[in-house]
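Chemist: Input structure: target16.tsv, which contains TSV, C-alpha atoms.
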chain	number	residue	atom	x	y	z
O	1	GLU	CA	-21.37	28.31	-14.21
O	2	ALA	CA	-18.05	28.77	-12.42
O	3	GLN	CA	-15.89	25.79	-13.12
O	4	VAL	CA	-12.47	24.29	-13.68
O	5	THR	CA	-12.36	21.93	-16.63
O	6	GLN	CA	-9.73	19.27	-17.10
O	7	ASN	CA	-9.23	17.07	-20.11
O	8	PRO	CA	-9.00	14.22	-20.62
O	9	ARG	CA	-10.69	12.57	-17.64
O	10	TYR	CA	-8.98	9.25	-18.30
O	11	LEU	CA	-5.79	8.52	-20.21
O	12	ILE	CA	-3.72	5.42	-20.77
O	13	THR	CA	-0.42	5.97	-22.49
O	14	VAL	CA	2.94	4.31	-23.05
O	15	THR	CA	6.25	5.20	-21.49
O	16	GLY	CA	7.99	8.04	-23.27
O	17	LYS	CA	5.06	9.35	-25.30
O	18	LYS	CA	4.61	13.05	-24.65
O	19	LEU	CA	1.23	14.10	-23.38
O	20	THR	CA	-0.59	17.22	-22.24
O	21	VAL	CA	-3.41	17.50	-19.75
O	22	THR	CA	-5.37	20.69	-20.21
O	23	CYS	CA	-6.91	22.83	-17.49
O	24	SER	CA	-9.16	25.81	-18.03
O	25	GLN	CA	-11.04	28.03	-15.57
O	26	ASN	CA	-13.72	30.62	-16.27
O	27	MET	CA	-13.50	32.59	-13.01
O	28	ASN	CA	-10.64	34.93	-13.93
O	29	HIS	CA	-8.57	33.48	-11.09
O	30	GLU	CA	-4.94	34.47	-10.93
O	31	TYR	CA	-3.71	31.42	-9.01
O	32	MET	CA	-3.72	28.00	-10.61
O	33	SER	CA	-2.09	24.79	-9.47
O	34	TRP	CA	-1.58	21.16	-10.34
O	35	TYR	CA	-1.66	18.33	-7.80
O	36	ARG	CA	-1.21	14.62	-7.99
O	37	GLN	CA	-3.01	12.30	-5.64
O	38	ASP	CA	-1.62	8.91	-4.69
O	39	PRO	CA	-2.95	6.50	-2.05
O	40	GLY	CA	-1.73	7.42	1.42
O	41	LEU	CA	0.09	10.52	0.21
O	42	GLY	CA	-2.75	13.01	-0.09
O	43	LEU	CA	-2.47	15.76	-2.67
O	44	ARG	CA	1.05	16.81	-3.56
O	45	GLN	CA	1.63	20.02	-5.43
O	46	ILE	CA	3.43	19.72	-8.76
O	47	TYR	CA	3.52	23.28	-10.08
O	48	TYR	CA	1.62	26.45	-9.45
O	49	SER	CA	1.18	29.79	-11.12
O	50	MET	CA	0.50	33.11	-9.43
O	51	ASN	CA	-0.41	34.83	-12.70
O	52	VAL	CA	0.24	34.85	-16.45
O	53	GLU	CA	3.85	33.96	-17.26
O	54	VAL	CA	4.58	33.35	-13.56
O	55	THR	CA	5.07	29.70	-12.60
O	56	ASP	CA	6.91	27.96	-9.80
O	57	LYS	CA	7.73	24.46	-8.63
O	58	GLY	CA	5.72	22.70	-6.01
O	59	ASP	CA	6.88	19.72	-3.99
O	60	VAL	CA	7.05	17.14	-6.79
O	61	PRO	CA	7.90	18.94	-10.07
O	62	GLU	CA	10.30	16.36	-11.55
O	63	GLY	CA	9.14	15.04	-14.91
O	64	TYR	CA	6.52	17.75	-15.43
O	65	LYS	CA	6.32	21.08	-17.21
O	66	VAL	CA	3.69	23.79	-17.21
O	67	SER	CA	2.98	27.02	-19.01
O	68	ARG	CA	0.71	29.96	-18.33
O	69	LYS	CA	0.41	31.98	-21.50
O	70	GLU	CA	-3.10	33.18	-20.71
O	71	LYS	CA	-5.00	33.55	-17.48
O	72	ARG	CA	-7.62	30.89	-18.04
O	73	ASN	CA	-5.38	28.00	-19.12
O	74	PHE	CA	-2.71	26.07	-17.26
O	75	PRO	CA	-1.70	22.90	-19.12
O	76	LEU	CA	0.40	20.16	-17.54
O	77	ILE	CA	2.95	18.60	-19.85
O	78	LEU	CA	4.67	15.25	-19.40
O	79	GLU	CA	7.51	15.24	-21.92
O	80	SER	CA	8.48	11.61	-21.34
O	81	PRO	CA	5.98	9.91	-19.06
O	82	SER	CA	7.12	7.04	-16.87
O	83	PRO	CA	5.10	4.45	-14.91
O	84	ASN	CA	5.77	6.29	-11.62
O	85	GLN	CA	3.69	9.16	-12.98
O	86	THR	CA	0.62	6.95	-12.98
O	87	SER	CA	-1.68	8.91	-10.70
O	88	LEU	CA	-4.84	10.96	-10.30
O	89	TYR	CA	-4.19	14.57	-11.27
O	90	PHE	CA	-6.14	17.63	-10.21
O	91	CYS	CA	-6.05	21.19	-11.41
O	92	ALA	CA	-7.26	23.94	-9.11
O	93	SER	CA	-7.70	27.70	-9.25
O	94	LYS	CA	-8.31	30.33	-6.62
O	95	VAL	CA	-8.20	34.04	-6.00
O	96	GLY	CA	-6.21	35.48	-3.13
O	97	ASP	CA	-6.47	33.47	0.08
O	98	GLY	CA	-9.93	32.20	-0.75
O	99	GLU	CA	-11.20	28.73	-1.48
O	100	ALA	CA	-9.80	26.63	-4.30
O	101	PHE	CA	-11.99	25.29	-7.06
O	102	PHE	CA	-11.03	21.90	-8.42
O	103	GLY	CA	-11.42	20.16	-11.70
O	104	GLN	CA	-12.89	16.66	-11.80
O	105	GLY	CA	-9.53	15.01	-12.11
O	106	THR	CA	-7.54	13.14	-14.75
O	107	ARG	CA	-6.72	9.53	-14.10
O	108	LEU	CA	-3.46	8.80	-15.91
O	109	THR	CA	-1.98	5.36	-16.41
O	110	VAL	CA	1.49	5.01	-17.94
O	111	VAL	CA	2.37	1.50	-19.08
I	1	SER	CA	7.04	17.92	2.14
I	2	GLN	CA	3.49	17.81	3.46
I	3	GLN	CA	2.47	20.87	5.40
I	4	GLY	CA	-0.67	19.31	6.83
I	5	GLU	CA	-0.96	15.95	8.45
I	6	GLU	CA	-4.40	14.69	9.34
I	7	ASP	CA	-5.27	12.13	11.91
I	8	PRO	CA	-6.74	9.69	12.13
I	9	GLN	CA	-6.01	8.35	8.65
I	10	ALA	CA	-9.31	6.50	8.73
I	11	LEU	CA	-12.40	6.76	10.90
I	12	SER	CA	-15.49	4.59	11.00
I	13	ILE	CA	-18.56	5.66	13.01
I	14	GLN	CA	-22.27	5.00	13.24
I	15	GLU	CA	-24.81	7.35	11.74
I	16	GLY	CA	-25.78	10.02	14.26
I	17	GLU	CA	-22.42	10.04	16.01
I	18	ASN	CA	-19.97	12.93	15.83
I	19	ALA	CA	-16.77	12.69	13.80
I	20	THR	CA	-13.63	14.58	14.73
I	21	MET	CA	-10.61	14.94	12.49
I	22	ASN	CA	-7.38	16.73	13.29
I	23	CYS	CA	-4.83	18.54	11.18
I	24	SER	CA	-1.34	19.58	12.21
I	25	TYR	CA	0.90	21.86	10.21
I	26	LYS	CA	4.46	23.07	10.42
I	27	THR	CA	4.78	26.77	9.57
I	28	SER	CA	2.87	29.98	10.16
I	29	ILE	CA	-0.25	30.20	8.04
I	30	ASN	CA	-2.48	32.84	6.50
I	31	ASN	CA	-5.51	30.61	6.84
I	32	LEU	CA	-6.53	26.97	6.98
I	33	GLN	CA	-9.28	25.39	4.93
I	34	TRP	CA	-11.07	22.07	5.00
I	35	TYR	CA	-12.18	20.18	1.92
I	36	ARG	CA	-14.21	17.08	1.25
I	37	GLN	CA	-13.58	14.55	-1.52
I	38	ASN	CA	-15.99	11.89	-2.62
I	39	SER	CA	-14.25	8.85	-4.02
I	40	GLY	CA	-11.86	9.88	-6.80
I	41	ARG	CA	-13.66	13.15	-7.53
I	42	GLY	CA	-12.54	16.75	-7.21
I	43	LEU	CA	-12.30	18.37	-3.81
I	44	VAL	CA	-15.09	20.59	-2.56
I	45	HIS	CA	-14.48	23.46	-0.18
I	46	LEU	CA	-16.15	23.20	3.23
I	47	ILE	CA	-14.92	25.99	5.45
I	48	LEU	CA	-12.11	28.52	5.87
I	49	ILE	CA	-10.70	29.74	9.16
I	50	ARG	CA	-8.28	32.65	9.29
I	51	SER	CA	-5.17	32.67	11.44
I	52	ASN	CA	-6.72	35.22	13.84
I	53	GLU	CA	-9.86	33.12	14.36
I	54	ARG	CA	-10.22	30.34	16.90
I	55	GLU	CA	-13.51	28.74	15.97
I	56	LYS	CA	-15.94	28.75	13.10
I	57	HIS	CA	-19.26	27.05	12.41
I	58	SER	CA	-21.09	26.15	9.24
I	59	GLY	CA	-24.19	24.01	9.56
I	60	ARG	CA	-23.12	20.70	11.16
I	61	LEU	CA	-19.44	21.62	10.80
I	62	ARG	CA	-17.32	23.14	13.53
I	63	VAL	CA	-13.69	24.04	12.95
I	64	THR	CA	-11.20	25.11	15.58
I	65	LEU	CA	-7.73	26.51	15.11
I	66	ASP	CA	-4.92	26.62	17.64
I	67	THR	CA	-2.02	28.51	16.13
I	68	SER	CA	0.16	27.98	19.20
I	69	LYS	CA	-0.06	24.22	18.65
I	70	LYS	CA	-0.22	24.54	14.87
I	71	SER	CA	-3.30	22.39	14.74
I	72	SER	CA	-6.91	22.45	13.64
I	73	SER	CA	-9.84	20.15	14.12
I	74	LEU	CA	-12.96	19.52	12.09
I	75	LEU	CA	-16.03	18.27	13.91
I	76	ILE	CA	-19.02	16.90	11.98
I	77	THR	CA	-22.01	16.56	14.26
I	78	ALA	CA	-24.87	14.11	13.84
I	79	SER	CA	-23.14	12.37	10.97
I	80	ARG	CA	-25.03	10.87	8.05
I	81	ALA	CA	-24.15	8.12	5.62
I	82	ALA	CA	-23.78	10.84	2.96
I	83	ASP	CA	-20.86	12.31	4.96
I	84	THR	CA	-18.78	9.29	3.95
I	85	ALA	CA	-15.82	10.81	2.13
I	86	SER	CA	-12.20	11.85	2.57
I	87	TYR	CA	-11.50	15.13	4.32
I	88	PHE	CA	-8.41	17.24	3.77
I	89	CYS	CA	-7.01	20.32	5.40
I	90	ALA	CA	-5.14	22.88	3.33
I	91	THR	CA	-2.89	25.65	4.54
I	92	ALA	CA	-2.07	28.92	2.82
I	93	THR	CA	1.35	30.28	3.71
I	94	THR	CA	3.59	33.06	2.49
I	95	THR	CA	7.25	32.36	3.20
I	96	SER	CA	10.13	34.45	1.86
I	97	GLY	CA	7.77	36.00	-0.65
I	98	THR	CA	6.62	32.62	-1.93
I	99	TYR	CA	2.96	31.68	-1.67
I	100	LYS	CA	2.20	28.03	-0.96
I	101	TYR	CA	-1.13	26.23	-0.83
I	102	ILE	CA	-0.53	22.77	0.55
I	103	PHE	CA	-2.84	19.86	1.33
I	104	GLY	CA	-2.51	17.22	3.98
I	105	THR	CA	-2.79	13.48	3.63
I	106	GLY	CA	-6.48	13.30	4.48
I	107	THR	CA	-8.83	11.39	6.77
I	108	ARG	CA	-11.12	8.74	5.27
I	109	LEU	CA	-14.45	8.87	7.05
I	110	LYS	CA	-16.96	6.08	6.80
I	111	VAL	CA	-20.39	6.59	8.31
I	112	LEU	CA	-22.33	3.37	8.77
I	113	ALA	CA	-26.11	3.47	8.37
In C-alpha coordinates, how does this file's structure come out?
Modeler:
Amino acid sequence: EAQVTQNPRYLITVTGKKLTVTCSQNMNHEYMSWYRQDPGLGLRQIYYSMNVEVTDKGDVPEGYKVSRKEKRNFPLILESPSPNQTSLYFCASKVGDGEAFFGQGTRLTVV
Amino acid sequence: SQQGEEDPQALSIQEGENATMNCSYKTSINNLQWYRQNSGRGLVHLILIRSNEREKHSGRLRVTLDTSKKSSSLLITASRAADTASYFCATATTTSGTYKYIFGTGTRLKVLA
(Lines of atoms letter the chains of each structure in order from A and count residues from 1; the text may use other names and numbers.)
(Lines give C-alpha, C1' and ligand atoms only; values in the text may rest on other atoms or scores of the structure.)
Protein backbone atom coordinates (compact mmCIF):
# COMPACT_ATOMS: atom_id res chain seq x y z
CA GLU A 1 0.00 0.00 0.00
CA ALA A 2 1.33 3.42 -0.99
CA GLN A 3 1.77 5.48 2.11
CA VAL A 4 3.64 8.13 4.04
CA THR A 5 4.35 7.14 7.61
CA GLN A 6 5.10 9.60 10.37
CA ASN A 7 6.17 8.81 13.89
CA PRO A 8 5.29 9.51 16.57
CA ARG A 9 1.65 10.50 16.15
CA TYR A 10 1.60 12.35 19.46
CA LEU A 11 4.47 13.81 21.44
CA ILE A 12 4.70 15.92 24.56
CA THR A 13 8.15 17.19 25.39
CA VAL A 14 9.90 19.86 27.44
CA THR A 15 11.57 23.01 26.22
CA GLY A 16 15.09 22.41 25.00
CA LYS A 17 14.99 18.63 24.70
CA LYS A 18 16.04 17.61 21.20
CA LEU A 19 13.57 15.53 19.27
CA THR A 20 13.17 13.95 15.86
CA VAL A 21 9.98 13.25 13.97
CA THR A 22 10.46 10.59 11.35
CA CYS A 23 8.85 10.44 7.92
CA SER A 24 9.09 7.57 5.49
CA GLN A 25 7.45 6.99 2.10
CA ASN A 26 7.32 3.82 0.02
CA MET A 27 6.46 5.35 -3.36
CA ASN A 28 9.98 6.26 -4.50
CA HIS A 29 8.98 9.93 -4.60
CA GLU A 30 11.73 12.45 -5.12
CA TYR A 31 9.97 15.40 -3.48
CA MET A 32 9.30 15.43 0.24
CA SER A 33 8.19 18.26 2.47
CA TRP A 34 7.33 19.18 6.02
CA TYR A 35 4.45 21.46 7.00
CA ARG A 36 3.12 22.76 10.24
CA GLN A 37 -0.54 23.50 10.71
CA ASP A 38 -1.79 26.08 13.17
CA PRO A 39 -5.35 27.37 13.61
CA GLY A 40 -6.17 30.09 11.09
CA LEU A 41 -2.80 29.82 9.36
CA GLY A 42 -3.32 26.81 7.14
CA LEU A 43 -0.32 24.67 6.27
CA ARG A 44 3.00 26.46 6.27
CA GLN A 45 6.00 24.84 4.66
CA ILE A 46 9.00 24.29 6.91
CA TYR A 47 11.53 22.53 4.67
CA TYR A 48 11.39 20.57 1.48
CA SER A 49 13.66 18.26 -0.45
CA MET A 50 13.77 17.80 -4.21
CA ASN A 51 15.92 14.67 -3.97
CA VAL A 52 18.57 12.91 -1.88
CA GLU A 53 20.99 15.38 -0.31
CA VAL A 54 19.00 18.32 -1.73
CA THR A 55 17.04 20.31 0.85
CA ASP A 56 15.78 23.87 0.99
CA LYS A 57 13.98 26.20 3.36
CA GLY A 58 10.28 26.77 3.19
CA ASP A 59 8.45 29.71 4.71
CA VAL A 60 9.01 28.92 8.39
CA PRO A 61 12.35 27.07 8.76
CA GLU A 62 13.59 28.73 11.97
CA GLY A 63 14.19 26.23 14.76
CA TYR A 64 14.06 23.18 12.51
CA LYS A 65 16.54 21.00 10.67
CA VAL A 66 16.08 18.24 8.13
CA SER A 67 18.20 15.70 6.33
CA ARG A 68 17.69 13.56 3.26
CA LYS A 69 20.31 10.85 3.26
CA GLU A 70 18.11 8.35 1.45
CA LYS A 71 15.13 8.75 -0.81
CA ARG A 72 12.49 7.24 1.42
CA ASN A 73 13.24 9.10 4.66
CA PHE A 74 12.99 12.77 5.56
CA PRO A 75 13.26 13.34 9.31
CA LEU A 76 12.41 16.64 10.97
CA ILE A 77 14.72 17.63 13.80
CA LEU A 78 14.01 20.15 16.53
CA GLU A 79 17.36 20.77 18.22
CA SER A 80 15.95 22.89 21.03
CA PRO A 81 12.16 22.89 20.95
CA SER A 82 10.27 25.88 22.28
CA PRO A 83 6.57 26.29 23.16
CA ASN A 84 5.92 28.22 19.92
CA GLN A 85 6.71 25.02 18.03
CA THR A 86 3.66 23.37 19.53
CA SER A 87 1.72 22.45 16.42
CA LEU A 88 0.39 19.73 14.15
CA TYR A 89 3.08 18.59 11.73
CA PHE A 90 2.61 16.88 8.40
CA CYS A 91 5.05 15.19 6.09
CA ALA A 92 4.19 14.86 2.42
CA SER A 93 5.75 13.36 -0.68
CA LYS A 94 5.03 13.71 -4.37
CA VAL A 95 6.47 13.09 -7.79
CA GLY A 96 6.75 15.87 -10.32
CA ASP A 97 3.74 18.18 -10.42
CA GLY A 98 1.37 15.47 -9.28
CA GLU A 99 -0.66 15.09 -6.13
CA ALA A 100 0.94 15.06 -2.70
CA PHE A 101 0.51 12.16 -0.33
CA PHE A 102 0.35 13.05 3.34
CA GLY A 103 1.22 11.30 6.52
CA GLN A 104 -1.33 11.16 9.34
CA GLY A 105 0.28 13.97 11.25
CA THR A 106 2.26 14.42 14.44
CA ARG A 107 0.73 16.47 17.20
CA LEU A 108 3.59 18.03 19.14
CA THR A 109 3.24 19.84 22.44
CA VAL A 110 6.25 21.62 23.93
CA VAL A 111 5.86 22.62 27.57
CA SER B 1 4.08 34.02 2.91
CA GLN B 2 0.92 32.19 1.90
CA GLN B 3 0.54 31.70 -1.82
CA GLY B 4 -3.09 30.66 -1.64
CA GLU B 5 -5.82 32.39 0.26
CA GLU B 6 -9.19 30.72 0.45
CA ASP B 7 -12.49 32.34 1.10
CA PRO B 8 -14.72 32.09 2.86
CA GLN B 9 -12.82 30.94 5.93
CA ALA B 10 -15.89 29.06 7.08
CA LEU B 11 -19.09 27.98 5.35
CA SER B 12 -22.19 26.35 6.77
CA ILE B 13 -24.88 24.95 4.45
CA GLN B 14 -27.76 22.51 4.48
CA GLU B 15 -27.44 19.03 3.05
CA GLY B 16 -28.31 19.04 -0.64
CA GLU B 17 -27.13 22.59 -1.25
CA ASN B 18 -24.07 23.48 -3.29
CA ALA B 19 -20.88 24.72 -1.64
CA THR B 20 -18.48 27.08 -3.38
CA MET B 21 -15.00 27.89 -2.13
CA ASN B 22 -12.52 30.26 -3.71
CA CYS B 23 -8.75 30.38 -3.80
CA SER B 24 -6.59 33.29 -4.84
CA TYR B 25 -2.86 33.11 -5.42
CA LYS B 26 -0.08 35.55 -6.15
CA THR B 27 2.37 34.20 -8.74
CA SER B 28 2.27 32.20 -11.94
CA ILE B 29 1.59 28.53 -11.32
CA ASN B 30 2.27 25.18 -12.93
CA ASN B 31 -0.96 23.77 -11.58
CA LEU B 32 -3.42 24.14 -8.74
CA GLN B 33 -4.76 21.33 -6.61
CA TRP B 34 -7.53 20.99 -4.07
CA TYR B 35 -7.33 18.87 -0.95
CA ARG B 36 -9.71 17.85 1.77
CA GLN B 37 -8.85 17.41 5.45
CA ASN B 38 -11.03 15.73 8.00
CA SER B 39 -10.50 17.07 11.48
CA GLY B 40 -6.79 16.89 12.39
CA ARG B 41 -6.01 14.17 9.87
CA GLY B 42 -3.78 14.14 6.81
CA LEU B 43 -4.87 15.89 3.64
CA VAL B 44 -6.39 13.90 0.82
CA HIS B 45 -6.05 14.95 -2.80
CA LEU B 46 -9.28 15.81 -4.61
CA ILE B 47 -8.48 17.25 -8.00
CA LEU B 48 -5.70 18.86 -10.04
CA ILE B 49 -6.15 21.53 -12.68
CA ARG B 50 -3.27 22.57 -14.92
CA SER B 51 -2.49 26.17 -15.76
CA ASN B 52 -3.73 25.71 -19.35
CA GLU B 53 -7.08 24.28 -18.23
CA ARG B 54 -10.12 26.34 -17.32
CA GLU B 55 -12.48 23.79 -15.84
CA LYS B 56 -12.38 20.25 -14.56
CA HIS B 57 -14.94 17.86 -13.13
CA SER B 58 -14.69 14.86 -10.86
CA GLY B 59 -17.92 13.35 -9.60
CA ARG B 60 -19.71 16.07 -7.58
CA LEU B 61 -16.66 18.34 -7.75
CA ARG B 62 -16.17 21.11 -10.27
CA VAL B 63 -13.02 23.21 -10.31
CA THR B 64 -12.44 26.33 -12.35
CA LEU B 65 -9.23 28.24 -12.89
CA ASP B 66 -8.83 31.82 -14.04
CA THR B 67 -5.15 32.54 -14.48
CA SER B 68 -5.79 36.16 -15.47
CA LYS B 69 -7.37 36.75 -12.06
CA LYS B 70 -5.09 34.29 -10.30
CA SER B 71 -8.04 32.53 -8.77
CA SER B 72 -9.73 29.16 -8.62
CA SER B 73 -13.02 27.92 -7.28
CA LEU B 74 -14.16 24.56 -5.99
CA LEU B 75 -17.84 23.71 -6.27
CA ILE B 76 -19.30 20.73 -4.41
CA THR B 77 -22.76 19.95 -5.69
CA ALA B 78 -25.54 18.28 -3.73
CA SER B 79 -23.52 18.36 -0.54
CA ARG B 80 -23.75 15.64 2.09
CA ALA B 81 -23.03 15.65 5.80
CA ALA B 82 -19.94 13.54 5.00
CA ASP B 83 -18.51 16.49 3.02
CA THR B 84 -17.97 18.32 6.31
CA ALA B 85 -14.23 19.00 6.35
CA SER B 86 -11.64 21.67 5.64
CA TYR B 87 -10.67 22.28 2.04
CA PHE B 88 -7.33 23.65 0.90
CA CYS B 89 -5.93 24.77 -2.39
CA ALA B 90 -2.27 24.19 -3.20
CA THR B 91 -0.21 25.79 -5.92
CA ALA B 92 2.87 24.42 -7.62
CA THR B 93 5.23 27.12 -8.87
CA THR B 94 8.73 27.25 -10.28
CA THR B 95 10.38 30.62 -9.68
CA SER B 96 14.04 31.36 -10.38
CA GLY B 97 14.70 27.64 -10.57
CA THR B 98 13.12 27.00 -7.19
CA TYR B 99 10.12 24.70 -6.95
CA LYS B 100 7.50 25.61 -4.37
CA TYR B 101 4.39 23.72 -3.31
CA ILE B 102 2.34 26.00 -1.10
CA PHE B 103 -1.00 25.59 0.65
CA GLY B 104 -3.59 28.19 1.45
CA THR B 105 -5.32 28.86 4.73
CA GLY B 106 -8.33 26.66 4.02
CA THR B 107 -12.12 26.83 4.11
CA ARG B 108 -13.98 25.00 6.88
CA LEU B 109 -17.16 23.53 5.45
CA LYS B 110 -19.97 22.31 7.64
CA VAL B 111 -22.87 20.51 6.02
CA LEU B 112 -25.92 20.26 8.25
CA ALA B 113 -28.12 17.18 7.97
Chemist: Could you build a table of the residues in chain O lying no more than 8 Å from chain I, giving for each the nearest pair of atoms and their separation in Å rounded to one decimal place, using only C-alpha atoms, ordered by chain and ascending residue number, as CSV?
Modeler:
residue,atom,partner,partner_atom,distance
O:Gly40,CA,I:Thr105,CA,6.5
O:Leu41,CA,I:Thr105,CA,5.4
O:Gly42,CA,I:Thr105,CA,3.7
O:Leu43,CA,I:Phe103,CA,5.7
O:Arg44,CA,I:Phe103,CA,7.0
O:Gln45,CA,I:Ile102,CA,6.9
O:Asp59,CA,I:Ser1,CA,6.4
O:Leu88,CA,I:Gly40,CA,7.9
O:Phe90,CA,I:Gly42,CA,7.1
O:Asp97,CA,I:Ala92,CA,6.9
O:Gly98,CA,I:Leu48,CA,7.9
O:Glu99,CA,I:His45,CA,6.3
O:Ala100,CA,I:His45,CA,7.0
O:Phe101,CA,I:Val44,CA,7.2
O:Phe102,CA,I:Gly42,CA,5.5
O:Gly103,CA,I:Gly42,CA,5.7
O:Gln104,CA,I:Gly42,CA,4.6
O:Gly105,CA,I:Gly42,CA,6.0
Chemist: Just to confirm, what's the straight-line distance from atom CA of Tyr87 of chain I to atom CA of Tyr48 of chain O in Å (one decimal)?
Modeler: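 About the pair atom CA of Tyr87 of chain I and atom CA of Tyr48 of chain O: they are 22.1 Å apart.
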Chemist: Please measure the separation of atom CA of Glu70 of chain O and atom CA of Thr5 of chain O, giving the value in Å to one decimal.
Modeler: 15.1 Å
Chemist: Contacts of Ser73 of chain I at 10 Å or less, counting all atoms listed in the file, minus same-chain residues fewer than 4 places along, as number ranges by chain?
Modeler: I: 6-7, 20-24, 34, 55, 62-66, 89
Chemist: Could you save the residues just selected, with C-alpha atoms, as a CSV table (one decimal), in the coordinates of the input?
Modeler:
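Once written, out35.csv looks like this:
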chain,number,residue,atom,x,y,z
I,6,GLU,CA,-4.4,14.7,9.3
I,7,ASP,CA,-5.3,12.1,11.9
I,20,THR,CA,-13.6,14.6,14.7
I,21,MET,CA,-10.6,14.9,12.5
I,22,ASN,CA,-7.4,16.7,13.3
I,23,CYS,CA,-4.8,18.5,11.2
I,24,SER,CA,-1.3,19.6,12.2
I,34,TRP,CA,-11.1,22.1,5.0
I,55,GLU,CA,-13.5,28.7,16.0
I,62,ARG,CA,-17.3,23.1,13.5
I,63,VAL,CA,-13.7,24.0,13.0
I,64,THR,CA,-11.2,25.1,15.6
I,65,LEU,CA,-7.7,26.5,15.1
I,66,ASP,CA,-4.9,26.6,17.6
I,89,CYS,CA,-7.0,20.3,5.4
Chemist: Between O:Ser87, O:Val95, O:Val110, O:Pro75, which residue has the minimum interatomic distance to Pro39 of chain O, considering only C-alpha atoms?
Modeler: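 Nearest to Pro39 of chain O: O:Ser87.
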